[in-house]
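Trainee: Input file: upload34.txt. Contents: compact mmCIF, C-alpha atoms.
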# COMPACT_ATOMS: atom_id res chain seq x y z
CA MET Q 29 -33.14 142.45 -23.82
CA GLU Q 30 -35.31 139.72 -22.33
CA ASN Q 31 -35.37 141.39 -18.93
CA THR Q 32 -36.38 144.75 -20.40
CA MET Q 33 -39.13 143.15 -22.48
CA LYS Q 34 -40.36 141.35 -19.36
CA HIS Q 35 -40.46 144.67 -17.51
CA ALA Q 36 -42.41 146.25 -20.39
CA ASN Q 37 -44.95 143.44 -20.27
CA ASN Q 38 -45.35 143.90 -16.50
CA VAL Q 39 -45.83 147.62 -17.10
CA ARG Q 40 -48.59 146.88 -19.63
CA LYS Q 41 -50.32 144.52 -17.18
CA ASN Q 42 -50.31 147.21 -14.51
CA ILE Q 43 -51.64 149.82 -16.94
CA VAL Q 44 -54.77 147.79 -17.73
CA LYS Q 45 -55.22 146.82 -14.07
CA MET Q 46 -54.92 150.44 -12.95
CA VAL Q 47 -57.36 151.85 -15.46
CA HIS Q 48 -59.81 149.01 -14.84
CA ASN Q 49 -59.67 149.51 -11.07
CA ALA Q 50 -60.13 153.28 -11.36
CA LYS Q 51 -62.85 152.87 -13.98
CA SER Q 52 -61.22 155.75 -15.85
CA GLY Q 53 -57.98 156.61 -17.58
CA HIS Q 54 -56.20 156.46 -20.92
CA PRO Q 55 -54.93 152.98 -21.74
CA GLY Q 56 -54.33 153.30 -25.50
CA GLY Q 57 -51.58 155.90 -25.49
CA ALA Q 58 -50.03 154.46 -22.34
CA LEU Q 59 -49.64 151.03 -23.93
CA SER Q 60 -48.22 152.46 -27.17
CA ALA Q 61 -45.26 154.11 -25.43
CA ALA Q 62 -44.47 151.31 -22.96
CA ASP Q 63 -41.50 149.89 -24.87
CA LEU Q 64 -39.96 153.33 -25.39
CA MET Q 65 -40.24 154.31 -21.76
CA THR Q 66 -39.20 150.95 -20.33
CA VAL Q 67 -35.91 151.06 -22.24
CA LEU Q 68 -35.50 154.63 -21.00
CA TYR Q 69 -36.05 153.79 -17.33
CA PHE Q 70 -34.21 150.47 -17.24
CA GLU Q 71 -31.33 151.02 -19.65
CA GLU Q 72 -30.86 154.66 -20.63
CA SER Q 73 -31.54 157.15 -17.85
CA ASN Q 74 -29.45 157.48 -14.70
CA ILE Q 75 -32.48 157.58 -12.38
CA THR Q 76 -32.18 155.21 -9.41
CA ARG Q 77 -33.89 154.58 -6.10
CA ASP Q 78 -31.03 156.43 -4.40
CA ASN Q 79 -31.23 159.61 -6.48
CA VAL Q 80 -34.92 159.83 -7.41
CA GLU Q 81 -35.49 162.61 -4.85
CA SER Q 82 -32.41 164.51 -5.98
CA PHE Q 83 -32.04 167.25 -8.59
CA ASN Q 84 -28.75 165.71 -9.67
CA ARG Q 85 -30.10 163.16 -12.16
CA ASP Q 86 -31.77 162.88 -15.53
CA ARG Q 87 -35.32 164.18 -15.81
CA VAL Q 88 -38.30 162.50 -17.50
CA VAL Q 89 -41.37 164.55 -18.36
CA PHE Q 90 -44.63 163.12 -19.67
CA SER Q 91 -45.84 166.01 -21.80
CA LYS Q 92 -48.72 163.73 -22.81
CA GLY Q 93 -49.77 163.71 -19.18
CA HIS Q 94 -52.92 161.69 -19.82
CA ALA Q 95 -50.57 158.67 -20.19
CA SER Q 96 -50.01 158.88 -16.44
CA ALA Q 97 -50.78 155.19 -15.93
CA LEU Q 98 -47.61 154.45 -17.89
CA LEU Q 99 -45.56 156.83 -15.75
CA TYR Q 100 -46.69 155.26 -12.48
CA ALA Q 101 -46.36 151.73 -13.83
CA GLU Q 102 -42.76 152.52 -14.84
CA LEU Q 103 -41.93 154.08 -11.46
CA SER Q 104 -43.34 151.03 -9.70
CA GLU Q 105 -41.64 148.47 -11.94
CA ALA Q 106 -38.29 150.28 -11.59
CA ASN Q 107 -38.70 150.39 -7.79
CA LEU Q 108 -38.67 154.19 -7.80
CA MET Q 109 -41.84 154.52 -5.71
CA ASP Q 110 -43.64 152.61 -2.95
CA GLU Q 111 -47.21 153.66 -3.77
CA ASP Q 112 -49.68 150.93 -4.68
CA VAL Q 113 -50.43 151.32 -8.40
CA LEU Q 114 -54.02 150.24 -7.76
CA THR Q 115 -54.65 153.50 -5.89
CA TYR Q 116 -54.44 155.19 -9.31
CA ARG Q 117 -57.04 157.96 -9.68
CA LEU Q 118 -58.67 157.15 -6.33
CA ILE Q 119 -59.54 159.80 -3.78
CA ASN Q 120 -56.51 161.01 -1.79
CA SER Q 121 -54.09 159.01 -3.97
CA LYS Q 122 -50.74 160.50 -4.97
CA LEU Q 123 -51.23 158.80 -8.34
CA GLN Q 124 -53.48 161.41 -9.86
CA GLY Q 125 -55.04 161.12 -13.29
CA HIS Q 126 -52.60 163.74 -14.52
CA PRO Q 127 -49.13 163.75 -12.93
CA ASN Q 128 -48.57 166.11 -10.02
CA MET Q 129 -44.95 166.82 -9.13
CA ASN Q 130 -45.89 168.00 -5.64
CA TYR Q 131 -46.97 164.56 -4.48
CA LEU Q 132 -44.47 162.04 -5.76
CA ALA Q 133 -40.72 161.87 -6.35
CA GLY Q 134 -40.05 160.78 -9.91
CA VAL Q 135 -42.84 162.93 -11.30
CA ASP Q 136 -40.68 165.69 -12.73
CA MET Q 137 -43.42 168.01 -13.98
CA SER Q 138 -47.15 168.46 -13.45
CA THR Q 139 -48.66 167.92 -16.89
CA GLY Q 140 -51.95 167.36 -18.62
CA SER Q 141 -52.51 170.63 -20.47
CA LEU Q 142 -50.98 169.56 -23.78
CA GLY Q 143 -47.87 171.37 -24.98
CA GLN Q 144 -46.75 172.54 -21.57
CA GLY Q 145 -44.58 169.52 -20.73
CA ILE Q 146 -42.19 170.04 -23.62
CA SER Q 147 -41.95 173.73 -22.75
CA ALA Q 148 -40.98 172.90 -19.16
CA SER Q 149 -38.47 170.36 -20.46
CA VAL Q 150 -36.77 173.03 -22.55
CA GLY Q 151 -36.42 175.12 -19.39
CA MET Q 152 -34.92 172.17 -17.50
CA ALA Q 153 -32.44 171.45 -20.28
CA LEU Q 154 -31.42 175.09 -20.48
CA ALA Q 155 -30.96 175.20 -16.69
CA ASN Q 156 -28.69 172.15 -16.92
CA LYS Q 157 -26.62 173.89 -19.60
CA LEU Q 158 -26.27 177.02 -17.49
CA SER Q 159 -25.34 174.91 -14.44
CA LYS Q 160 -22.79 173.01 -16.54
CA ASN Q 161 -24.05 169.59 -15.48
CA ASP Q 162 -24.35 166.59 -17.77
CA ASN Q 163 -27.80 165.35 -16.80
CA ARG Q 164 -30.22 164.87 -19.66
CA VAL Q 165 -33.89 165.70 -20.07
CA TYR Q 166 -36.26 163.27 -21.78
CA VAL Q 167 -39.79 164.26 -22.71
CA LEU Q 168 -42.60 162.04 -24.01
CA LEU Q 169 -44.69 163.91 -26.55
CA GLY Q 170 -47.91 162.84 -28.26
CA ASP Q 171 -48.53 163.13 -32.00
CA GLY Q 172 -51.96 164.69 -31.48
CA GLU Q 173 -50.30 166.99 -28.96
CA CYS Q 174 -48.27 168.43 -31.84
CA GLU Q 175 -51.45 170.21 -32.94
CA GLU Q 176 -50.71 172.62 -30.06
CA GLY Q 177 -48.84 175.75 -31.11
CA GLN Q 178 -46.93 175.78 -27.84
CA VAL Q 179 -45.08 172.63 -28.94
CA TRP Q 180 -43.51 174.55 -31.81
CA GLU Q 181 -42.55 177.54 -29.68
CA ALA Q 182 -40.73 175.10 -27.39
CA ALA Q 183 -39.08 173.38 -30.36
CA MET Q 184 -37.87 176.72 -31.70
CA ALA Q 185 -36.35 177.64 -28.33
CA ALA Q 186 -34.71 174.22 -27.91
CA ALA Q 187 -32.92 174.53 -31.23
CA HIS Q 188 -32.05 178.20 -30.70
CA TYR Q 189 -30.26 177.38 -27.43
CA LYS Q 190 -28.61 174.28 -28.93
CA LEU Q 191 -30.04 171.99 -26.24
CA ASP Q 192 -28.28 168.76 -27.15
CA ASN Q 193 -29.11 167.50 -23.65
CA LEU Q 194 -32.82 167.38 -24.61
CA CYS Q 195 -34.33 164.26 -26.15
CA VAL Q 196 -37.95 164.44 -27.30
CA ILE Q 197 -39.64 161.05 -27.70
CA LEU Q 198 -42.62 161.40 -30.01
CA ASP Q 199 -45.16 158.60 -29.63
CA PHE Q 200 -46.51 158.50 -33.18
CA ASN Q 201 -49.45 156.10 -32.90
CA GLY Q 202 -51.55 158.08 -35.37
CA LEU Q 203 -54.67 158.31 -33.21
CA GLN Q 204 -56.11 160.78 -30.72
CA ILE Q 205 -59.35 160.89 -28.80
CA ASP Q 206 -61.38 161.97 -31.84
CA GLY Q 207 -59.71 159.55 -34.26
CA ASP Q 208 -57.03 159.69 -36.96
CA ILE Q 209 -54.69 162.64 -36.37
CA HIS Q 210 -54.58 163.29 -40.11
CA LYS Q 211 -58.34 163.89 -40.13
CA VAL Q 212 -58.65 165.80 -36.86
CA MET Q 213 -55.95 168.42 -37.47
CA ASN Q 214 -53.10 167.01 -39.52
CA PRO Q 215 -49.73 167.86 -37.91
CA THR Q 216 -47.62 165.83 -40.35
CA PRO Q 217 -44.98 165.59 -41.72
CA LEU Q 218 -43.58 165.73 -38.22
CA ASP Q 219 -40.07 164.61 -39.16
CA GLU Q 220 -39.66 167.39 -41.71
CA LYS Q 221 -41.18 169.99 -39.41
CA PHE Q 222 -38.87 169.20 -36.50
CA GLU Q 223 -35.90 169.13 -38.87
CA ALA Q 224 -36.93 172.57 -40.14
CA PHE Q 225 -37.05 173.77 -36.54
CA GLY Q 226 -33.43 172.64 -36.09
CA PHE Q 227 -33.74 169.18 -34.53
CA ASN Q 228 -31.72 166.06 -35.13
CA VAL Q 229 -34.50 163.63 -36.14
CA ILE Q 230 -34.28 159.85 -35.76
CA LYS Q 231 -37.15 157.73 -37.10
CA ILE Q 232 -37.70 154.29 -35.55
CA ASP Q 233 -40.14 151.48 -34.91
CA GLY Q 234 -41.22 152.27 -31.36
CA HIS Q 235 -41.59 148.58 -30.51
CA ASN Q 236 -38.20 147.43 -31.84
CA TYR Q 237 -35.80 147.30 -28.90
CA ASP Q 238 -32.64 147.43 -31.00
CA GLU Q 239 -33.88 150.54 -32.78
CA ILE Q 240 -34.95 152.17 -29.51
CA ARG Q 241 -31.52 151.57 -27.94
CA ALA Q 242 -29.70 152.84 -31.02
CA ALA Q 243 -31.85 155.98 -31.08
CA TYR Q 244 -31.11 156.84 -27.46
CA LYS Q 245 -27.40 156.31 -28.11
CA ALA Q 246 -27.48 158.54 -31.19
CA ALA Q 247 -29.34 161.21 -29.23
CA ARG Q 248 -26.66 161.16 -26.53
CA GLU Q 249 -23.91 161.47 -29.13
CA CYS Q 250 -25.52 164.30 -31.09
CA LYS Q 251 -23.93 167.67 -30.30
CA GLY Q 252 -25.18 171.19 -30.93
CA LYS Q 253 -28.88 170.46 -31.41
CA PRO Q 254 -31.77 168.73 -29.63
CA THR Q 255 -32.94 165.31 -30.81
CA LEU Q 256 -36.40 164.10 -31.72
CA ILE Q 257 -36.98 160.34 -31.72
CA LEU Q 258 -39.98 159.88 -34.00
CA ALA Q 259 -41.28 156.48 -32.93
CA LYS Q 260 -43.96 154.77 -35.00
CA THR Q 261 -46.12 152.89 -32.51
CA ILE Q 262 -49.41 151.03 -32.23
CA LYS Q 263 -52.01 152.54 -29.95
CA GLY Q 264 -53.06 149.92 -27.39
CA LYS Q 265 -50.01 147.77 -28.20
CA GLY Q 266 -50.12 144.32 -26.59
CA VAL Q 267 -53.89 144.04 -26.17
CA SER Q 268 -55.49 142.88 -29.41
CA PHE Q 269 -58.87 144.57 -29.07
CA MET Q 270 -57.28 147.88 -28.09
CA GLU Q 271 -54.72 147.99 -30.89
CA ASN Q 272 -55.30 150.79 -33.43
CA ASN Q 273 -58.73 151.47 -31.93
CA PRO Q 274 -59.28 155.13 -30.94
CA ALA Q 275 -62.19 154.09 -28.71
CA TRP Q 276 -59.57 152.95 -26.19
CA HIS Q 277 -57.92 156.35 -25.98
CA GLY Q 278 -59.82 157.15 -22.80
CA THR Q 279 -61.97 154.13 -21.99
CA ALA Q 280 -61.55 151.80 -19.01
CA PRO Q 281 -61.75 148.02 -19.57
CA ASN Q 282 -64.56 146.15 -17.85
CA ASP Q 283 -64.03 142.85 -16.01
CA ALA Q 284 -64.20 140.73 -19.16
CA ASP Q 285 -61.91 143.12 -21.05
CA LEU Q 286 -59.38 143.00 -18.22
CA ALA Q 287 -59.39 139.21 -18.12
CA GLN Q 288 -58.77 138.99 -21.86
CA ALA Q 289 -56.07 141.67 -21.78
CA LEU Q 290 -54.19 139.95 -18.95
CA GLU Q 291 -54.51 136.56 -20.67
CA GLU Q 292 -52.96 138.00 -23.83
CA LEU Q 293 -50.18 139.74 -21.89
CA ASP Q 294 -49.51 136.57 -19.91
CA ARG Q 295 -48.91 134.80 -23.22
CA GLY Q 296 -46.38 137.49 -24.03
CA ASP Q 297 -44.37 136.37 -20.99
CA LYS Q 298 -43.86 132.90 -22.41
Output the structure of this file as structure tokens.
Mentor:
Amino acid sequence: MENTMKHANNVRKNIVKMVHNAKSGHPGGALSAADLMTVLYFEESNITRDNVESFNRDRVVFSKGHASALLYAELSEANLMDEDVLTYRLINSKLQGHPNMNYLAGVDMSTGSLGQGISASVGMALANKLSKNDNRVYVLLGDGECEEGQVWEAAMAAAHYKLDNLCVILDFNGLQIDGDIHKVMNPTPLDEKFEAFGFNVIKIDGHNYDEIRAAYKAARECKGKPTLILAKTIKGKGVSFMENNPAWHGTAPNDADLAQALEELDRGDK
């Protein structure tokens, strides 16, 4: 566990460095899902340096594509790419503000238009079923993203085709760019809705490593239906002044902010 937590802390450091250097990006929702995705990359998925360019492996789709800093930080920390994370969002960089699958192995779908990533993931999972291979598809979904009707069309199809090789990870931090999701366009109760659409639903603390591991295991063992891991998280997790503050949904830290964030994250290494 210690190694995975160390990796997650390194991922968080890179997220704030990347967004600071680019002077743009979305740190809040990247930080909230860091624990979930670090366990996925380092303990759960079968993605390695040797197979990252192959089709014969698990797939990971960031349907909330604006959390791209998290995706690139994970790929770098897991040694799945050689690109310098500090080229993030710069001209001619492969690390675009929204992931582009044409530029970088390990980016399994071009995303950014909310709702489309989960739809593509359903197609990938169905293709795996038809090909009779055992690789799994993991998709990171945002809670505000669930205000998109396309999410529910994808959920309906996933259950209809009994895609038990699909695991949807819902980053439930409760905030979107305009504030509290309940006030913007309330999509809750998300657990009951996904259950009604035919999903196996597992509710966890998205920062509790034992619960995250157990949820991934239960998702693997569930047969006949897709799984939703509904993870309660804290937007901006790990950086005190970003936590639960919607202003940091899409704001870049300045020099002083970066220094404070890295100091706090350095303390987390101790």
Trainee: Got a sec: who's within 12 Å of Tyr100 (chain Q), counting all atoms listed in the file, leaving out chain neighbours fewer than 6 positions off, as a PyMOL selection string?
Mentor: chain Q and resi 39-40+42-43+46-47+58+62+65-66+69+90+93-94+106-117+121-128+132-135
Trainee: Around the point (-29.6, 178.8, -21.0), in the coordinates given by the file, pick out the residues reaching within 12 Å, counting all atoms listed in the file, and return them as an MDAnalysis selection string.
Mentor: chainID Q and resid 150:160 185:193
Trainee: Can you tell me how far CA of Leu98 (chain Q) sits from CA of Asp199 (chain Q), in Å to one decimal?
Mentor: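 Separation between CA of Leu98 (chain Q) and CA of Asp199 (chain Q): 12.7 Å.
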Trainee: Which residue out of Q:Ala50, Q:Ala183, Q:Ile232, Q:Ala247 has the minimum interatomic distance to Thr261 (chain Q) when all atoms listed in the file are used?
Mentor: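 Using all atoms listed in the file, Thr261 (chain Q) sits closest to Q:Ile232.
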Trainee: Could you jot down the CA of Val196 (chain Q) to CA of His235 (chain Q) separation for me, Å, one decimal place?
Mentor: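 One can read the CA of Val196 (chain Q) to CA of His235 (chain Q) distance as 16.6 Å.
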Trainee: Pick from Q:Cys174, Q:Leu64, Q:Cys250, Q:Met270: nearest to Asn214 (chain Q), with all atoms listed in the file counted?
Mentor: Q:Cys174
Trainee: Counting all atoms listed in the file, figure out which residue out of Q:Asn74, Q:Gln178, Q:Asn38, Q:Ser52 gets nearest to Ser104 (chain Q).
Mentor: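 Of Q:Asn74, Q:Gln178, Q:Asn38, Q:Ser52, the one nearest Ser104 (chain Q), counting all atoms listed in the file, is Q:Asn38.
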Trainee: Can you tell me which residues surround Lys260 (chain Q) at a distance of at most 9 Å, considering all atoms listed in the file, apart from same-chain residues fewer than 3 positions away, and format the answer as a VMD selection string?
Mentor: chain Q and resid 198 to 202 231 to 235
Trainee: At a cut-off of 9 Å, using only C-alpha atoms, what residues contact Gly143 (chain Q)? Leave out same-chain residues fewer than 4 positions from it and give the result as a list in words.
Mentor: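 That gives Ser91, Lys92, Thr139, Ser147, Leu169, Glu173, Cys174, Glu175, Glu176, Gly177, Gln178, Val179, Trp180 and Ala182 of chain Q.
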Trainee: Between Q:Ala275, Q:Met33, Q:Ile197, Q:Val44, which is the closest to Glu292 (chain Q) once you count all atoms listed in the file?
Mentor: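 Once distances to Glu292 (chain Q) are computed over all atoms listed in the file, the minimum belongs to Q:Val44.
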Trainee: Go through Q:Glu81, Q:Asp283, Q:Asp136, Q:Asp171 and flag the residue nearest Val212 (chain Q), using only C-alpha atoms for the distances.
Mentor: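 Among the listed residues, Q:Asp171 lies closest to Val212 (chain Q).
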Trainee: Which residue, Q:Asn236, Q:Asn272, Q:Asn163, Q:Asn31, has the smallest gap to Asp208 (chain Q) when you use only C-alpha atoms?
Mentor: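 Distance minimum relative to Asp208 (chain Q) lands on Q:Asn272.
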Trainee: Quote the spacing between CA of Asp78 (chain Q) and CA of Leu103 (chain Q) in Å to one decimal place.
Mentor: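 A separation of 13.2 Å between them.
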Trainee: I'd like the neighbourhood of Ser268 (chain Q) as a ChimeraX atom specification, where a residue qualifies if any of its atoms comes within 8 Å (using only C-alpha atoms), though same-chain residues fewer than 3 positions away should be ignored.
Mentor: /Q:264-265,271,289,292
Trainee: Output C-alpha atoms for every residue in the selection just made, as a short mmCIF file (atom, residue, chain, number, x, y, z; two decimals), keeping the file's coordinate frame.
Mentor:
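Once written, out14.cif looks like this:
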data_model
loop_
_atom_site.label_atom_id
_atom_site.label_comp_id
_atom_site.auth_asym_id
_atom_site.auth_seq_id
_atom_site.Cartn_x
_atom_site.Cartn_y
_atom_site.Cartn_z
CA GLY Q 264 -53.06 149.92 -27.39
CA LYS Q 265 -50.01 147.77 -28.20
CA GLU Q 271 -54.72 147.99 -30.89
CA ALA Q 289 -56.07 141.67 -21.78
CA GLU Q 292 -52.96 138.00 -23.83
#
